[in-house]
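Working notes, beginning with the structure itself.
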There are 2 protein chains.
Amino acid sequence: MGVVRKTKSVKLLLEEFEKSSSAISVITLIERLDSEMNKTTIYRALDKLEDDGVLHSFLGKNGHKWYAKCNNCSAHHHHDVHPHFQCVDCGKVDCLSETVVIPEIPNRKVHFSQVLLQGTCEQCFN
Amino acid sequence: MGVVRKTKSVKLLLEEFEKSSSAISVITLIERLDSEMNKTTIYRALDKLEDDGVLHSFLGKNGHKWYAKCNNCSAHHHHDVHPHFQCVDCGKVDCLSETVVIPEIPNRKVHFSQVLLQGTCEQCFN
DNA sequence: CCTATATTTGCAACTAAGTTGCGTTAGCAA
DNA sequence: TTGCTAACGCAACTTAGTTGCAAATATAGG
Ligand SMILES: [Zn+2]
Ligand SMILES: [Zn+2]
Ligand SMILES: [Zn+2]
Ligand SMILES: [Zn+2]
């Protein structure tokens, strides 16, 4: 169904994603926007923004949910499948443009793939 | 520190993994062994078995923890990194022997990769 | 601008995976 | 058999995410 109203909550959430291109965890959004809106609102708005192809979600290293801006997705068709990189040092997560090739798996049909890389980012390299 | 005693709990857990080669979620283990042992015991024993290189763990599609037998791992050195396949139909999860090649990522050092494939397994294909 | 209506929100209560602290039990080696 | 210590059970806790409902608000139509 997606977002049908441009509410204050939706605007504030999208502003957060405009500030930087990195992904943001739901936990972080709840912390940052604590005084602006309820966590239930955050969960529901993110859900709808994903439906609309504005954001996409994935799970970070603890199984917690993260969101990031989509590049070329439309509603109900997230064709922007790419790996994500989480820095084990600073915790930052980014979408990668590199392609990970999934081999053919005998006797199985692969519909989705989810690749999370963990390591050290440029800032934390020293 | 790993397992140092062969307790009844450890034996019962390992029996579950001998029954089939598929991975088992912690949730399933807690259900199955409910009358045999406490869930805290299950969490702690699995943790130690992973330390010892007997089992390895990963996160399924909901971010819930799964365990499977290791093939060639030793304590503190899980070199058996491979993709996992979860059937979206029956929920079963298997370790795959296929190799997923992770490309070089500029400005980042990848230490660990985690690949979860979702799709339809052989049994659910019809 | 005003009103009707459906969407969105806040709140409080809930669910469920995983963790912690502590007193008791039980492997195992001497 | 005994003693030490790892492992266990239990209950209470933590926390990410969900649900139901009444109140608020965006938006279209008049
Ligand atoms: Zn970093
Ligand atoms: Zn992404
Ligand atoms: Zn299946
Ligand atoms: Zn595996």
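Chains: A, B, ... in order of the structure tokens. Residues: from 1 per chain. Ligands: from 1, in order shown.
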Problem set entry | Nearby residues, ligand 2, 10 Å, only C-alpha atoms (C1' of nucleotides) and all ligand atoms, as a count of residues only | 24
Problem set entry | helix (DSSP H, G or I) positions in chain A, given as a PyMOL selection string | chain A and resi 8-19+26-32+39-51
Store the residues picked out above in a file with N, CA, C and O atoms, as a compact mmCIF listing (two decimals), in the first residue's frame.
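Contents of again.txt, as written:
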# COMPACT_ATOMS: atom_id res chain seq x y z
N LYS A 8 4.59 14.74 8.68
CA LYS A 8 5.79 15.24 9.35
C LYS A 8 6.77 14.10 9.65
O LYS A 8 7.98 14.23 9.47
N SER A 9 6.23 12.98 10.12
CA SER A 9 7.07 11.83 10.46
C SER A 9 7.86 11.33 9.26
O SER A 9 9.06 11.08 9.35
N VAL A 10 7.17 11.18 8.13
CA VAL A 10 7.83 10.68 6.93
C VAL A 10 8.92 11.65 6.49
O VAL A 10 10.04 11.24 6.14
N LYS A 11 8.62 12.94 6.54
CA LYS A 11 9.61 13.94 6.15
C LYS A 11 10.85 13.88 7.04
O LYS A 11 11.99 13.92 6.55
N LEU A 12 10.64 13.79 8.36
CA LEU A 12 11.77 13.73 9.28
C LEU A 12 12.62 12.49 9.05
O LEU A 12 13.86 12.56 9.10
N LEU A 13 11.97 11.38 8.78
CA LEU A 13 12.72 10.15 8.52
C LEU A 13 13.57 10.29 7.26
O LEU A 13 14.76 9.96 7.26
N LEU A 14 12.95 10.81 6.20
CA LEU A 14 13.70 10.94 4.94
C LEU A 14 14.85 11.92 5.07
O LEU A 14 15.90 11.74 4.46
N GLU A 15 14.66 12.95 5.90
CA GLU A 15 15.77 13.90 6.16
C GLU A 15 16.99 13.18 6.71
O GLU A 15 18.13 13.51 6.36
N GLU A 16 16.76 12.22 7.60
CA GLU A 16 17.87 11.48 8.18
C GLU A 16 18.67 10.75 7.10
O GLU A 16 19.90 10.68 7.15
N PHE A 17 17.95 10.22 6.12
CA PHE A 17 18.62 9.47 5.06
C PHE A 17 19.29 10.40 4.03
O PHE A 17 20.16 9.97 3.28
N GLU A 18 18.87 11.68 4.02
CA GLU A 18 19.52 12.64 3.13
C GLU A 18 20.85 13.13 3.68
O GLU A 18 21.75 13.52 2.95
N LYS A 19 20.96 13.10 5.02
CA LYS A 19 22.17 13.62 5.67
C LYS A 19 23.43 12.88 5.24
O LYS A 19 24.52 13.45 5.19
N VAL A 26 17.39 0.79 12.56
CA VAL A 26 16.14 1.24 13.18
C VAL A 26 16.41 1.70 14.60
O VAL A 26 15.87 2.72 15.05
N ILE A 27 17.27 0.99 15.29
CA ILE A 27 17.61 1.35 16.67
C ILE A 27 18.16 2.78 16.73
O ILE A 27 17.78 3.56 17.61
N THR A 28 19.03 3.10 15.80
CA THR A 28 19.59 4.46 15.75
C THR A 28 18.51 5.49 15.46
O THR A 28 18.48 6.56 16.08
N LEU A 29 17.63 5.18 14.53
CA LEU A 29 16.56 6.12 14.20
C LEU A 29 15.67 6.38 15.41
O LEU A 29 15.25 7.51 15.66
N ILE A 30 15.37 5.31 16.16
CA ILE A 30 14.53 5.46 17.35
C ILE A 30 15.22 6.37 18.37
O ILE A 30 14.59 7.25 18.96
N GLU A 31 16.52 6.19 18.54
CA GLU A 31 17.27 7.05 19.45
C GLU A 31 17.25 8.51 19.00
O GLU A 31 16.94 9.41 19.77
N ARG A 32 17.60 8.70 17.71
CA ARG A 32 17.74 10.06 17.18
C ARG A 32 16.42 10.81 17.19
O ARG A 32 16.37 12.01 17.43
N LYS A 39 8.30 5.15 18.52
CA LYS A 39 9.00 4.10 17.78
C LYS A 39 8.05 3.30 16.88
O LYS A 39 8.45 2.83 15.82
N THR A 40 6.80 3.15 17.32
CA THR A 40 5.83 2.44 16.48
C THR A 40 5.65 3.15 15.15
O THR A 40 5.58 2.52 14.09
N THR A 41 5.59 4.45 15.19
CA THR A 41 5.48 5.26 13.98
C THR A 41 6.68 5.03 13.07
O THR A 41 6.54 4.90 11.85
N ILE A 42 7.86 4.97 13.66
CA ILE A 42 9.08 4.74 12.89
C ILE A 42 9.01 3.39 12.18
O ILE A 42 9.24 3.30 10.97
N TYR A 43 8.68 2.34 12.91
CA TYR A 43 8.59 1.02 12.30
C TYR A 43 7.59 1.01 11.15
O TYR A 43 7.85 0.47 10.07
N ARG A 44 6.44 1.64 11.38
CA ARG A 44 5.39 1.59 10.35
C ARG A 44 5.74 2.44 9.13
O ARG A 44 5.49 2.04 7.98
N ALA A 45 6.34 3.60 9.36
CA ALA A 45 6.68 4.47 8.24
C ALA A 45 7.79 3.84 7.38
O ALA A 45 7.73 3.88 6.15
N LEU A 46 8.79 3.25 8.03
CA LEU A 46 9.87 2.61 7.28
C LEU A 46 9.33 1.47 6.43
O LEU A 46 9.73 1.27 5.28
N ASP A 47 8.40 0.73 7.00
CA ASP A 47 7.77 -0.37 6.29
C ASP A 47 7.11 0.11 5.00
O ASP A 47 7.25 -0.50 3.93
N LYS A 48 6.42 1.23 5.10
CA LYS A 48 5.73 1.77 3.93
C LYS A 48 6.70 2.37 2.92
O LYS A 48 6.50 2.24 1.70
N LEU A 49 7.73 3.01 3.41
CA LEU A 49 8.73 3.57 2.50
C LEU A 49 9.44 2.46 1.73
O LEU A 49 9.82 2.64 0.58
N GLU A 50 9.59 1.31 2.37
CA GLU A 50 10.18 0.17 1.66
C GLU A 50 9.21 -0.35 0.59
O GLU A 50 9.61 -0.67 -0.52
N ASP A 51 7.95 -0.43 0.95
CA ASP A 51 6.90 -0.82 -0.01
C ASP A 51 6.94 0.05 -1.25
O ASP A 51 6.72 -0.43 -2.37
Exercise. Using only C-alpha atoms (C1' of nucleotides), which of the listed residues (C:DG27, C:DA16, C:DC22, C:DC11) sits closest to chain A?
Worked result: C:DC11
Contact residues around C:DT20 with only C-alpha atoms (C1' of nucleotides) at 12 Å, ignoring same-chain residues under 5 positions, as a PDB file with C-alpha atoms (C1' of nucleotides), in the first residue's frame:
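Result went into result.pdb, see below:
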ATOM      1  CA  THR B  40      19.697 -21.361  29.068  1.00  0.00           C
ATOM      2  CA  ARG B  44      25.383 -21.933  26.679  1.00  0.00           C
TER       3      ARG B  44
ATOM      4  C1'  DC D  10      15.332 -21.317  37.470  1.00  0.00           C
ATOM      5  C1'  DA D  11      13.522 -16.928  37.625  1.00  0.00           C
ATOM      6  C1'  DA D  12      14.019 -12.517  36.482  1.00  0.00           C
ATOM      7  C1'  DC D  13      15.553  -9.431  33.113  1.00  0.00           C
ATOM      8  C1'  DT D  14      16.629  -6.975  28.503  1.00  0.00           C
TER       9       DT D  14
END
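With distances taken over only C-alpha atoms and all ligand atoms, A:Val110 is the one residue among A:Ile24, A:Val110, A:Val101, A:Val88 lying closest to ligand 3.
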Exercise. Which distance in Å separates atom CA of A:Ser113 and atom CA of A:Asp52, to one decimal?
Worked result: 20.6 Å
Among stretch 32-89 of chain A, which residues carry a DSSP assignment of strand (DSSP E or B), reported as a PDB file with N, CA and C atoms, in the first residue's frame?
ATOM      1  N   LEU A  55      13.095   3.175   0.252  1.00  0.00           N
ATOM      2  CA  LEU A  55      14.164   2.598   1.070  1.00  0.00           C
ATOM      3  C   LEU A  55      14.197   1.085   0.865  1.00  0.00           C
ATOM      4  N   HIS A  56      15.314   0.483   1.209  1.00  0.00           N
ATOM      5  CA  HIS A  56      15.367  -0.979   1.275  1.00  0.00           C
ATOM      6  C   HIS A  56      15.937  -1.368   2.619  1.00  0.00           C
ATOM      7  N   SER A  57      15.621  -2.571   3.066  1.00  0.00           N
ATOM      8  CA  SER A  57      16.078  -3.004   4.383  1.00  0.00           C
ATOM      9  C   SER A  57      16.908  -4.274   4.280  1.00  0.00           C
ATOM     10  N   PHE A  58      17.672  -4.519   5.320  1.00  0.00           N
ATOM     11  CA  PHE A  58      18.475  -5.732   5.420  1.00  0.00           C
ATOM     12  C   PHE A  58      18.856  -5.903   6.886  1.00  0.00           C
ATOM     13  N   LEU A  59      19.424  -7.054   7.209  1.00  0.00           N
ATOM     14  CA  LEU A  59      19.798  -7.319   8.588  1.00  0.00           C
ATOM     15  C   LEU A  59      21.295  -7.147   8.778  1.00  0.00           C
ATOM     16  N   LYS A  65      17.588  -4.701  12.223  1.00  0.00           N
ATOM     17  CA  LYS A  65      17.184  -4.191  10.923  1.00  0.00           C
ATOM     18  C   LYS A  65      17.812  -2.844  10.580  1.00  0.00           C
ATOM     19  N   TRP A  66      18.275  -2.723   9.359  1.00  0.00           N
ATOM     20  CA  TRP A  66      18.865  -1.496   8.833  1.00  0.00           C
ATOM     21  C   TRP A  66      18.104  -1.077   7.590  1.00  0.00           C
ATOM     22  N   TYR A  67      18.112   0.231   7.331  1.00  0.00           N
ATOM     23  CA  TYR A  67      17.491   0.772   6.121  1.00  0.00           C
ATOM     24  C   TYR A  67      18.481   1.666   5.399  1.00  0.00           C
ATOM     25  N   ALA A  68      18.341   1.723   4.079  1.00  0.00           N
ATOM     26  CA  ALA A  68      19.147   2.643   3.274  1.00  0.00           C
ATOM     27  C   ALA A  68      18.316   3.080   2.076  1.00  0.00           C
ATOM     28  N   LYS A  69      18.741   4.187   1.472  1.00  0.00           N
ATOM     29  CA  LYS A  69      18.056   4.690   0.292  1.00  0.00           C
ATOM     30  C   LYS A  69      18.187   3.714  -0.873  1.00  0.00           C
ATOM     31  N   SER A  74      11.420   0.428  -7.733  1.00  0.00           N
ATOM     32  CA  SER A  74      10.046   0.897  -7.765  1.00  0.00           C
ATOM     33  C   SER A  74       9.245   0.081  -6.763  1.00  0.00           C
ATOM     34  N   HIS A  77       9.108  -3.837  -6.351  1.00  0.00           N
ATOM     35  CA  HIS A  77      10.133  -4.447  -7.183  1.00  0.00           C
ATOM     36  C   HIS A  77      11.512  -3.908  -6.822  1.00  0.00           C
ATOM     37  N   HIS A  84      26.156  -5.572   1.417  1.00  0.00           N
ATOM     38  CA  HIS A  84      26.316  -4.517   2.416  1.00  0.00           C
ATOM     39  C   HIS A  84      27.575  -4.780   3.213  1.00  0.00           C
ATOM     40  N   PHE A  85      28.213  -3.684   3.606  1.00  0.00           N
ATOM     41  CA  PHE A  85      29.470  -3.785   4.344  1.00  0.00           C
ATOM     42  C   PHE A  85      29.327  -3.135   5.707  1.00  0.00           C
ATOM     43  N   GLN A  86      29.594  -3.906   6.735  1.00  0.00           N
ATOM     44  CA  GLN A  86      29.526  -3.352   8.091  1.00  0.00           C
ATOM     45  C   GLN A  86      30.923  -3.330   8.691  1.00  0.00           C
ATOM     46  N   CYS A  87      31.330  -2.159   9.162  1.00  0.00           N
ATOM     47  CA  CYS A  87      32.630  -2.024   9.807  1.00  0.00           C
ATOM     48  C   CYS A  87      32.537  -2.586  11.223  1.00  0.00           C
TER      49      CYS A  87
END
For this session: Output the neighbourhood of ligand 3 as a count of residues only, that is, all protein and nucleic acid residues with some atom at most 8 Å from the ligand, counting only C-alpha atoms (C1' of nucleotides) and all ligand atoms.
Result: 13
For this session: Starting from chain B, keep only residues with some atom at most 6 Å from an atom of chain A, counting only C-alpha atoms, and report them as an MDAnalysis selection string.
Result: chainID B and resid 63 107:122
For the residues selected in the previous step, produce a file with N, CA and C atoms as a tab-separated table (two decimals), in the first residue's frame.
chain	number	residue	atom	x	y	z
B	63	GLY	N	16.75	-13.22	11.27
B	63	GLY	CA	17.77	-12.80	12.21
B	63	GLY	C	17.88	-13.74	13.40
B	107	ASN	N	39.19	0.41	-0.64
B	107	ASN	CA	39.23	1.16	0.61
B	107	ASN	C	38.66	0.41	1.82
B	108	ARG	N	38.38	-0.86	1.64
B	108	ARG	CA	37.85	-1.62	2.77
B	108	ARG	C	38.53	-2.98	2.83
B	109	LYS	N	38.69	-3.47	4.05
B	109	LYS	CA	39.27	-4.78	4.24
B	109	LYS	C	38.19	-5.73	4.75
B	110	VAL	N	37.86	-6.73	3.94
B	110	VAL	CA	36.82	-7.67	4.33
B	110	VAL	C	37.42	-8.79	5.17
B	111	HIS	N	36.88	-8.98	6.38
B	111	HIS	CA	37.38	-10.05	7.24
B	111	HIS	C	36.49	-11.27	7.21
B	112	PHE	N	35.21	-11.02	7.02
B	112	PHE	CA	34.24	-12.10	7.16
B	112	PHE	C	33.07	-11.82	6.23
B	113	SER	N	32.55	-12.86	5.61
B	113	SER	CA	31.38	-12.67	4.76
B	113	SER	C	30.32	-13.68	5.12
B	114	GLN	N	29.11	-13.26	4.91
B	114	GLN	CA	27.97	-14.05	5.37
B	114	GLN	C	26.95	-14.01	4.24
B	115	VAL	N	26.69	-15.16	3.65
B	115	VAL	CA	25.80	-15.23	2.49
B	115	VAL	C	24.62	-16.13	2.80
B	116	LEU	N	23.43	-15.55	2.74
B	116	LEU	CA	22.21	-16.33	2.93
B	116	LEU	C	21.40	-16.29	1.65
B	117	LEU	N	21.18	-17.47	1.07
B	117	LEU	CA	20.35	-17.55	-0.13
B	117	LEU	C	18.98	-18.04	0.28
B	118	GLN	N	17.96	-17.46	-0.35
B	118	GLN	CA	16.60	-17.90	-0.06
B	118	GLN	C	15.95	-18.33	-1.37
B	119	GLY	N	15.16	-19.38	-1.27
B	119	GLY	CA	14.48	-19.88	-2.46
B	119	GLY	C	13.72	-21.14	-2.17
B	120	THR	N	13.62	-22.01	-3.17
B	120	THR	CA	12.83	-23.23	-3.04
B	120	THR	C	13.76	-24.43	-3.07
B	121	CYS	N	13.57	-25.34	-2.11
B	121	CYS	CA	14.42	-26.52	-2.06
B	121	CYS	C	13.82	-27.63	-2.92
B	122	GLU	N	14.57	-28.71	-3.04
B	122	GLU	CA	14.18	-29.81	-3.92
B	122	GLU	C	12.80	-30.37	-3.56
Problem set entry | Between atom C1' of C:DT15 and atom C1' of D:DT15, distance in Å (one decimal) | 11.4 Å
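For the set A:Asn38, A:Gly2, A:Asn126, A:Leu33, the residue with the smallest atom-to-atom gap to chain C is A:Asn38, counting only C-alpha atoms (C1' of nucleotides).
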For this session: Please report as a PyMOL selection string which residues of chain C come no farther than 10 Å from chain A, using only C-alpha atoms (C1' of nucleotides).
Result: chain C and resi 7-11
The selected residues should be written to file as a PDB file, in the first residue's frame (atoms: C-alpha atoms (C1' of nucleotides)).
ATOM      1  C1'  DT C   7      -4.684   7.388   6.936  1.00  0.00           C
ATOM      2  C1'  DT C   8      -1.470   7.997  10.366  1.00  0.00           C
ATOM      3  C1'  DT C   9      -0.048   8.570  15.094  1.00  0.00           C
ATOM      4  C1'  DG C  10       0.786   7.836  20.284  1.00  0.00           C
ATOM      5  C1'  DC C  11       0.403   5.026  23.873  1.00  0.00           C
TER       6       DC C  11
END
